file coords07.csv (CSV, C-alpha atoms)
chain,number,residue,atom,x,y,z
A,33,MET,CA,-14.1,5.5,1.7
A,34,ILE,CA,-12.2,4.6,4.8
A,35,VAL,CA,-8.5,5.4,4.2
A,36,ALA,CA,-5.8,3.4,5.9
A,37,GLU,CA,-2.0,2.8,5.6
A,38,SER,CA,0.0,-0.3,6.1
A,39,LYS,CA,1.7,-0.9,9.4
A,40,PRO,CA,5.5,-1.2,9.1
A,41,ILE,CA,6.3,-4.8,8.3
A,42,LYS,CA,8.8,-4.9,11.2
A,43,GLU,CA,6.0,-4.1,13.6
A,44,LEU,CA,3.9,-6.9,12.1
A,45,LEU,CA,6.7,-9.4,12.2
A,46,GLU,CA,7.2,-8.6,15.9
A,47,MET,CA,3.5,-9.1,16.5
A,48,VAL,CA,3.5,-12.6,15.0
A,49,LYS,CA,7.0,-13.7,15.8
A,50,ASP,CA,5.9,-16.6,18.0
A,51,PHE,CA,3.5,-18.1,15.4
A,52,ASN,CA,4.3,-20.5,12.5
A,53,ARG,CA,0.9,-20.7,10.9
A,54,ILE,CA,-0.5,-17.3,9.9
A,55,LEU,CA,-3.5,-16.3,7.9
A,56,VAL,CA,-3.5,-12.9,6.2
A,57,VAL,CA,-7.0,-11.7,5.5
A,58,GLY,CA,-7.8,-8.8,3.2
A,59,CYS,CA,-11.0,-6.9,2.4
A,60,LYS,CA,-12.4,-6.0,-1.0
A,61,GLY,CA,-14.0,-2.8,0.3
A,62,CYS,CA,-12.4,0.6,1.0
A,63,VAL,CA,-8.9,-0.8,1.7
A,64,THR,CA,-8.8,-2.4,-1.7
A,65,VAL,CA,-9.6,1.0,-3.3
A,66,CYS,CA,-6.9,2.8,-1.3
A,67,ASN,CA,-4.4,0.0,-2.2
A,68,VAL,CA,-3.6,-1.1,1.3
A,69,GLY,CA,-5.7,-4.2,2.2
A,70,GLY,CA,-7.0,-5.9,-1.0
A,71,ALA,CA,-5.9,-9.3,-2.5
A,72,LYS,CA,-2.8,-7.7,-4.0
A,73,GLU,CA,-1.6,-6.4,-0.6
A,74,VAL,CA,-2.5,-9.7,1.1
A,75,ALA,CA,-0.1,-11.4,-1.4
A,76,ILE,CA,2.6,-8.9,-0.8
A,77,LEU,CA,2.4,-9.1,3.0
A,78,ALA,CA,2.3,-12.9,2.9
A,79,SER,CA,5.3,-13.0,0.6
A,80,SER,CA,7.2,-10.5,2.8
A,81,ILE,CA,6.5,-12.7,5.9
A,82,ARG,CA,7.7,-15.8,4.0
A,83,ILE,CA,10.9,-14.1,2.8
A,84,SER,CA,11.6,-12.9,6.4
A,85,ARG,CA,11.2,-16.3,7.9
A,86,LYS,CA,13.1,-18.0,5.1
A,87,LYS,CA,16.0,-15.6,5.8
A,88,MET,CA,15.8,-16.5,9.5
A,89,GLY,CA,15.7,-20.2,8.6
A,90,ARG,CA,12.3,-20.7,10.3
A,91,GLU,CA,9.5,-22.7,8.8
A,92,ILE,CA,6.2,-20.8,8.3
A,93,GLU,CA,2.9,-21.4,6.6
A,94,VAL,CA,1.2,-18.2,5.5
A,95,GLY,CA,-2.4,-18.5,4.2
A,96,GLU,CA,-4.0,-15.8,2.1
A,97,HIS,CA,-7.7,-14.9,1.8
A,98,THR,CA,-9.6,-11.8,0.9
A,99,LEU,CA,-13.2,-11.3,2.0
A,100,GLU,CA,-15.8,-9.4,0.1
A,101,ARG,CA,-16.1,-7.2,3.2
A,102,GLN,CA,-14.8,-7.7,6.8
A,103,CYS,CA,-17.6,-5.5,8.2
A,104,ASP,CA,-20.5,-7.9,7.3
A,105,PRO,CA,-21.0,-11.1,9.3
A,106,GLU,CA,-22.1,-13.1,6.3
A,107,TYR,CA,-18.7,-12.6,4.6
A,108,VAL,CA,-16.7,-13.0,7.8
A,109,ASP,CA,-18.4,-16.4,8.1
A,110,GLU,CA,-16.5,-17.6,5.1
A,111,LEU,CA,-13.4,-18.1,7.3
A,112,LYS,CA,-15.1,-20.6,9.6
A,113,ASP,CA,-13.6,-23.7,7.9
A,114,MET,CA,-10.1,-22.4,7.6
A,115,ILE,CA,-9.4,-20.0,10.5
A,116,GLY,CA,-9.0,-22.8,13.0
A,117,GLY,CA,-5.9,-24.1,11.2
A,118,TYR,CA,-3.9,-21.0,11.9
A,119,GLU,CA,-2.3,-19.8,15.1
A,120,ALA,CA,-2.6,-16.1,14.2
A,121,VAL,CA,-4.6,-14.0,11.9
A,122,ILE,CA,-3.5,-10.6,10.4
A,123,SER,CA,-6.5,-8.5,9.2
A,124,ILE,CA,-5.5,-5.8,6.7
A,125,ALA,CA,-9.0,-4.3,6.7
A,126,CYS,CA,-9.7,-1.0,8.5
A,127,GLY,CA,-10.1,-1.1,12.3
A,128,VAL,CA,-13.6,-2.6,11.9
A,129,GLY,CA,-12.2,-5.8,10.3
A,130,PRO,CA,-10.0,-7.2,13.1
A,131,GLN,CA,-12.8,-6.5,15.6
A,132,PHE,CA,-15.5,-8.3,13.5
A,133,LEU,CA,-13.0,-11.3,13.2
A,134,SER,CA,-12.3,-11.2,16.9
A,135,GLU,CA,-16.0,-11.2,17.8
A,136,ARG,CA,-16.9,-14.0,15.3
A,137,TYR,CA,-13.9,-16.2,16.1
A,138,PRO,CA,-13.3,-15.6,19.9
A,139,SER,CA,-10.6,-18.3,20.2
A,140,SER,CA,-8.5,-16.9,17.3
A,141,LYS,CA,-5.6,-14.4,17.9
A,142,ILE,CA,-6.3,-11.5,15.6
A,143,PHE,CA,-3.7,-8.8,14.7
A,144,PRO,CA,-4.3,-5.5,12.8
A,145,GLY,CA,-2.1,-5.1,9.7
A,146,VAL,CA,-3.1,-1.5,8.9
A,147,ASN,CA,-3.5,1.8,10.7
A,148,THR,CA,-6.9,3.3,9.8
A,149,GLN,CA,-6.5,7.0,9.1
A,150,PHE,CA,-9.7,8.8,8.1
A,151,MET,CA,-12.9,9.0,5.9
A,152,GLY,CA,-11.9,10.7,2.7
A,153,GLY,CA,-11.4,10.3,-1.0
A,154,ALA,CA,-8.7,10.2,-3.7
A,155,GLU,CA,-7.4,13.6,-4.9
A,156,GLU,CA,-5.5,11.6,-7.5
A,157,HIS,CA,-4.0,8.2,-7.7
A,158,GLY,CA,-1.9,7.7,-4.6
A,159,ILE,CA,-3.1,10.8,-2.8
A,160,TRP,CA,-6.0,10.8,-0.4
A,161,SER,CA,-7.4,13.4,1.9
A,162,GLU,CA,-9.9,13.7,4.7
A,163,ARG,CA,-13.4,14.9,4.0
A,164,CYS,CA,-15.7,13.7,6.8
A,165,ALA,CA,-15.4,13.6,10.5
A,166,GLY,CA,-18.6,11.5,11.0
A,167,CYS,CA,-20.3,14.0,13.3
A,168,GLY,CA,-23.6,12.4,12.7
A,169,THR,CA,-25.5,15.6,11.6
A,170,CYS,CA,-24.2,16.8,8.2
A,171,VAL,CA,-24.1,20.6,7.8
A,172,VAL,CA,-22.0,21.0,4.7
A,173,HIS,CA,-24.9,22.8,2.9
A,174,TYR,CA,-24.3,25.8,5.2
A,175,PHE,CA,-20.8,26.0,4.0
A,176,GLY,CA,-21.0,25.8,0.2
A,177,GLY,CA,-20.8,22.0,0.3
A,178,LEU,CA,-17.5,21.9,2.2
A,179,CYS,CA,-17.0,20.6,5.7
A,180,PRO,CA,-15.2,22.8,8.2
A,181,ILE,CA,-15.5,20.2,10.9
A,182,ALA,CA,-13.3,17.7,9.0
A,183,ARG,CA,-11.2,20.1,7.1
A,184,CYS,CA,-10.5,23.1,9.4
A,185,SER,CA,-7.6,22.3,11.7
A,186,LYS,CA,-9.7,23.8,14.6
A,187,SER,CA,-13.1,22.5,13.2
A,188,LEU,CA,-14.3,26.1,13.4
A,189,LEU,CA,-17.9,26.7,12.3
A,190,ASN,CA,-17.3,30.4,12.2
A,191,GLY,CA,-14.0,30.8,10.5
A,192,PRO,CA,-11.6,31.8,9.1
A,193,CYS,CA,-9.3,32.3,12.1
A,194,GLY,CA,-6.2,34.6,12.2
A,195,GLY,CA,-4.1,31.7,11.1
A,196,SER,CA,-5.4,31.7,7.5
A,197,SER,CA,-2.8,33.2,5.1
A,198,ASN,CA,-3.0,33.2,1.3
A,199,GLY,CA,-5.5,30.4,1.3
A,200,LYS,CA,-3.3,28.2,3.5
A,201,CYS,CA,-3.7,27.1,7.1
A,202,GLU,CA,-1.0,28.1,9.6
A,203,ILE,CA,-0.3,24.5,10.5
A,204,SER,CA,1.3,23.7,7.1
A,205,LYS,CA,1.7,25.3,3.7
A,206,ASP,CA,0.3,22.0,2.4
A,207,VAL,CA,-3.0,22.4,4.2
A,208,GLU,CA,-5.6,24.5,2.5
A,209,CYS,CA,-7.6,26.8,4.7
A,210,ILE,CA,-11.1,25.4,4.2
A,211,TRP,CA,-12.6,28.7,5.4
A,212,ASP,CA,-10.8,30.5,2.6
A,213,LEU,CA,-12.4,28.1,0.1
A,214,ILE,CA,-15.8,28.3,1.8
A,215,VAL,CA,-15.9,32.1,1.7
A,216,ARG,CA,-14.7,32.2,-1.9
A,217,LYS,CA,-17.3,29.6,-3.0
A,218,MET,CA,-20.1,31.5,-1.2
A,219,MET,CA,-18.9,34.7,-2.9
A,220,GLU,CA,-18.9,33.0,-6.3
A,221,GLN,CA,-22.4,31.8,-5.7
A,222,ASP,CA,-23.5,35.2,-4.4
A,223,ARG,CA,-24.5,33.6,-1.1
A,224,LEU,CA,-22.1,35.3,1.3
A,225,ASP,CA,-25.0,36.7,3.3
A,226,GLU,CA,-25.9,33.1,4.3
A,227,LEU,CA,-22.7,32.8,6.3
A,228,ILE,CA,-23.7,35.7,8.6
A,229,GLU,CA,-27.1,34.3,9.3
A,230,PHE,CA,-27.5,33.3,12.9
A,231,LYS,CA,-27.5,29.6,13.5
A,232,PRO,CA,-28.0,27.9,16.8
A,233,PRO,CA,-25.0,26.0,18.2
A,234,LYS,CA,-24.5,22.7,16.5
A,235,SER,CA,-25.6,19.7,18.5
A,236,TRP,CA,-22.8,17.2,19.1
A,237,MET,CA,-25.1,14.6,20.6
A,238,THR,CA,-24.8,12.6,17.4
A,239,ALA,CA,-21.0,12.8,17.3
A,240,ARG,CA,-18.5,10.4,18.9
A,241,ASP,CA,-18.6,12.6,22.0
A,242,GLY,CA,-21.8,10.8,23.1
A,243,GLY,CA,-20.0,7.5,23.3
A,244,PRO,CA,-20.0,4.5,20.8
A,245,ARG,CA,-22.7,4.9,18.3
A,246,ARG,CA,-25.2,2.3,17.0
A,247,MET,CA,-27.9,2.7,14.3
A,248,ILE,CA,-31.0,0.6,14.0
A,249,ARG,CA,-33.2,0.6,10.9
A,250,GLU,CA,-36.4,-1.1,11.9
A,251,GLU,CA,-37.5,-1.7,8.3
A,252,LEU,CA,-34.3,-3.7,7.7
A,253,VAL,CA,-34.1,-5.7,10.9
A,254,LYS,CA,-35.4,-9.2,10.6
B,256,MET,CA,32.9,-16.7,-0.9
B,257,ASN,CA,34.5,-16.6,-4.4
B,258,ASP,CA,32.8,-19.9,-5.2
B,259,PHE,CA,29.4,-18.4,-4.6
B,260,LYS,CA,27.4,-18.2,-7.8
B,261,PRO,CA,24.4,-15.9,-7.1
B,262,GLN,CA,21.1,-16.7,-8.7
B,263,ILE,CA,19.8,-13.6,-10.4
B,264,VAL,CA,16.4,-12.9,-11.9
B,265,ALA,CA,16.2,-10.2,-14.6
B,266,PHE,CA,12.9,-8.7,-15.7
B,267,CYS,CA,13.6,-7.4,-19.2
B,268,CYS,CA,11.4,-5.1,-21.3
B,269,SER,CA,10.7,-6.8,-24.6
B,270,ASN,CA,10.9,-3.5,-26.5
B,271,CYS,CA,14.4,-2.3,-25.4
B,272,ALA,CA,16.3,-4.6,-23.2
B,273,SER,CA,15.4,-7.7,-25.3
B,274,SER,CA,16.5,-5.9,-28.4
B,275,ALA,CA,19.7,-5.0,-26.6
B,276,ALA,CA,20.1,-8.7,-25.8
B,277,ASN,CA,19.8,-9.5,-29.5
B,278,VAL,CA,22.5,-6.9,-30.3
B,279,ALA,CA,24.6,-8.4,-27.6
B,280,GLU,CA,24.2,-11.9,-29.1
B,281,GLY,CA,25.2,-10.5,-32.5
B,282,MET,CA,28.3,-9.1,-30.8
B,283,LYS,CA,29.0,-12.6,-29.4
B,284,LYS,CA,28.7,-11.2,-25.9
B,285,ALA,CA,27.2,-13.8,-23.6
B,286,LEU,CA,25.2,-13.2,-20.4
B,287,PRO,CA,26.4,-15.0,-17.2
B,288,ASP,CA,24.5,-18.3,-17.1
B,289,ASN,CA,23.3,-17.6,-13.6
B,290,VAL,CA,21.1,-14.7,-14.8
B,291,LYS,CA,17.6,-15.8,-15.6
B,292,ILE,CA,15.8,-13.5,-18.0
B,293,ILE,CA,12.0,-13.0,-17.8
B,294,GLN,CA,10.8,-11.1,-20.8
B,295,ILE,CA,7.9,-8.7,-20.2
B,296,PRO,CA,5.9,-6.5,-22.6
B,297,CYS,CA,6.6,-3.4,-20.5
B,298,THR,CA,8.4,-2.9,-17.2
B,299,GLY,CA,5.3,-0.9,-16.1
B,300,ARG,CA,3.5,-4.3,-15.8
B,301,ILE,CA,5.9,-5.5,-13.1
B,302,GLU,CA,4.1,-5.5,-9.7
B,303,ILE,CA,5.7,-5.4,-6.3
B,304,LEU,CA,4.7,-9.0,-5.8
B,305,HIS,CA,6.6,-10.1,-9.0
B,306,LEU,CA,9.7,-8.5,-7.6
B,307,LEU,CA,9.3,-10.2,-4.2
B,308,LYS,CA,8.5,-13.7,-5.5
B,309,PRO,CA,12.1,-14.5,-6.7
B,310,PHE,CA,13.4,-13.8,-3.2
B,311,GLU,CA,10.7,-16.0,-1.8
B,312,GLU,CA,11.9,-18.8,-4.1
B,313,GLY,CA,15.5,-18.3,-3.0
B,314,ALA,CA,17.0,-15.9,-5.6
B,315,ASP,CA,20.0,-13.9,-4.4
B,316,GLY,CA,19.2,-10.8,-6.5
B,317,VAL,CA,16.7,-9.3,-8.9
B,318,TYR,CA,16.9,-6.5,-11.4
B,319,VAL,CA,14.7,-4.8,-13.9
B,320,ALA,CA,16.1,-3.7,-17.3
B,321,GLY,CA,13.8,-1.2,-19.1
B,322,CYS,CA,13.8,1.7,-21.4
B,323,GLN,CA,15.3,5.2,-21.0
B,324,GLU,CA,12.8,7.3,-19.1
B,325,ASP,CA,12.1,9.5,-22.1
B,326,SER,CA,11.6,6.7,-24.6
B,327,CYS,CA,9.3,4.2,-23.0
B,328,GLN,CA,6.9,2.9,-25.7
B,329,TYR,CA,4.1,3.0,-23.2
B,330,VAL,CA,5.2,6.4,-21.9
B,331,SER,CA,5.6,5.8,-18.2
B,332,GLY,CA,6.4,2.1,-17.9
B,333,ILE,CA,10.0,2.4,-16.7
B,334,ALA,CA,9.1,5.3,-14.4
B,335,LYS,CA,6.5,3.0,-12.6
B,336,ALA,CA,9.1,0.2,-12.5
B,337,ILE,CA,11.6,2.5,-10.8
B,338,LYS,CA,9.1,3.5,-8.1
B,339,ARG,CA,8.2,-0.1,-7.5
B,340,VAL,CA,11.8,-1.2,-7.2
B,341,THR,CA,12.4,1.7,-4.8
B,342,HIS,CA,9.4,0.4,-2.8
B,343,VAL,CA,10.7,-3.2,-2.7
B,344,LYS,CA,14.1,-1.8,-1.5
B,345,LYS,CA,12.2,-0.4,1.4
B,346,ILE,CA,10.5,-3.7,2.1
B,347,LEU,CA,13.8,-5.5,2.0
B,348,GLU,CA,15.3,-3.0,4.4
B,349,GLU,CA,12.4,-3.6,6.8
B,350,LEU,CA,13.1,-7.4,6.5
B,351,SER,CA,16.8,-6.7,7.4
B,352,ILE,CA,17.8,-7.7,3.8
B,353,GLU,CA,20.3,-5.7,1.8
B,354,PRO,CA,18.3,-3.3,-0.5
B,355,ASP,CA,21.1,-3.6,-3.1
B,356,ARG,CA,19.9,-7.1,-3.9
B,357,ILE,CA,17.4,-5.4,-6.2
B,358,ASP,CA,18.1,-2.7,-8.8
B,359,VAL,CA,16.7,-1.1,-12.0
B,360,PHE,CA,18.7,-0.2,-15.2
B,361,ASN,CA,17.8,2.1,-18.1
B,362,LEU,CA,18.8,0.5,-21.5
B,363,SER,CA,17.8,1.0,-25.1
B,364,ALA,CA,17.5,-1.3,-28.1
B,365,GLY,CA,21.0,-0.7,-29.4
B,366,LYS,CA,22.9,-1.0,-26.1
B,367,GLY,CA,24.0,-4.7,-26.4
B,368,GLN,CA,27.3,-4.0,-24.6
B,369,GLU,CA,25.5,-2.3,-21.7
B,370,PHE,CA,22.9,-5.1,-21.5
B,371,VAL,CA,25.7,-7.6,-20.7
B,372,GLU,CA,27.6,-5.2,-18.5
B,373,VAL,CA,24.6,-4.6,-16.2
B,374,ALA,CA,24.2,-8.3,-15.8
B,375,TYR,CA,27.8,-8.7,-14.7
B,376,GLU,CA,27.5,-5.6,-12.5
B,377,MET,CA,24.5,-7.1,-10.7
B,378,VAL,CA,26.2,-10.5,-10.4
B,379,ASN,CA,29.3,-9.0,-8.9
B,380,LYS,CA,27.4,-6.8,-6.5
B,381,VAL,CA,25.3,-9.7,-5.2
B,382,LYS,CA,28.4,-11.9,-5.1
B,383,GLU,CA,29.9,-9.4,-2.7
B,384,LEU,CA,26.7,-9.4,-0.6
B,385,GLY,CA,26.8,-13.1,-0.3
B,386,PRO,CA,24.0,-15.7,-0.5
B,387,PHE,CA,20.5,-14.4,0.3
B,388,LEU,CA,20.0,-17.6,2.4
B,389,GLN,CA,22.9,-18.5,4.5
B,390,ALA,CA,23.8,-22.1,4.3
call {"tool": "encode", "arguments": {"input": "coords07.csv", "output": "structure tokens"}}
result
Amino acid sequence: MIVAESKPIKELLEMVKDFNRILVVGCKGCVTVCNVGGAKEVAILASSIRISRKKMGREIEVGEHTLERQCDPEYVDELKDMIGGYEAVISIACGVGPQFLSERYPSSKIFPGVNTQFMGGAEEHGIWSERCAGCGTCVVHYFGGLCPIARCSKSLLNGPCGGSSNGKCEISKDVECIWDLIVRKMMEQDRLDELIEFKPPKSWMTARDGGPRRMIREELVK
Amino acid sequence: MNDFKPQIVAFCCSNCASSAANVAEGMKKALPDNVKIIQIPCTGRIEILHLLKPFEEGADGVYVAGCQEDSCQYVSGIAKAIKRVTHVKKILEELSIEPDRIDVFNLSAGKGQEFVEVAYEMVNKVKELGPFLQA
């Protein structure tokens, strides 16, 4: 999933300080799963904004709506009859959401309510960690199913480096050295020799380095 | 300021705090009439939004009265409530509102006296802070 965290409420209040009719829009996708942008969080943010304005003695109308997904035009369309009634819209989806809203509703003022962090998963309830860097050409099978691009601090494809100590990365005792895990896993599976096989340099043409990416699936395009 | 009568909302666990309320009643100890009790099956059910709503409606203070941490009938209800109250304190701080307007207390079924005392403690604390919404 895409993992995000809420922006500080103070920052959001500053963004929308000049508006008196605000719509908070959530997303039932990834940000609901990581408890930052679903219907519950829409209600909490809307309530916080109302409390703040009440304290300031300023009138405000805060609408709440949560879309199935903010990254699909058919769901974004749902807002067409209500969005015009608001002066500002706070999207608490990942960074895709506010952009899809901005593109679909060009005259609306859209503000991001969360900071998108990474593609990852839940280690346990309340703890998430990064797993994928979206390089466009997955190679985890070379490394025992673990990704050194996303999980090595240096994205080394030929680690470990000298900063690996007792299974931890030199950047922090809380960061596992993924190369330590890769080597142990390959040893357990008796595949250590695969790590010393020569492989040509990885092509980064499919990664973000090549500019914004687009994907077309002809069999799906109308 | 002394005339100020704060409106307080108390979320009370039906297993411990409400039993404590019955004990208090038996002891002829009365709660302040400006504390409104909302009985809940377990404090673990209280969401952050439940704790914010009273402020949105104009309450001056909110507190949660739940079990001792080692005797929650549902094991971790009060531990969850403590974390959520702590989170709401942070939200209030971000909104430039005194975090002391919300609190959580550990009670048990027999603590009738304490049940009344925490209500007065909260009323007095919020009274010192003054009205949530300035007239």
call {"tool": "closest_residue", "arguments": {"input": "coords07.csv", "among": "B:Gln368, B:Ser363, B:Ser273, B:Ser351", "to": "chain A", "atoms": "all atoms listed in the file"}}
result
B:Ser351
call {"tool": "interface_residues", "arguments": {"input": "coords07.csv", "of": "chain B", "to": "chain A", "cutoff": "8 Å", "atoms": "all atoms listed in the file", "output": "MDAnalysis selection string"}}
result
chainID B and resid 303:304 307:308 310:311 346 349:350 387:389
call {"tool": "residues_around", "arguments": {"input": "coords07.csv", "residues": "B:Asp325", "least_positions_apart": "6", "cutoff": "12 Å", "atoms": "all atoms listed in the file", "output": "list in words"}}
result
Ser331, Gly332, Ile333, Ala334, Asn361, Leu362 and Ser363 of chain B
call {"tool": "atom_distance", "arguments": {"input": "coords07.csv", "atom1": "atom CA of A:Cys184", "atom2": "atom CA of A:Cys209"}}
result
6.6 Å
call {"tool": "residues_around", "arguments": {"input": "coords07.csv", "residues": "stretch 133-137 of chain A", "least_positions_apart": "4", "cutoff": "12 Å", "atoms": "only C-alpha atoms", "output": "number ranges by chain"}}
result
A: 55-59, 99, 101-116, 118, 120-129, 141-144
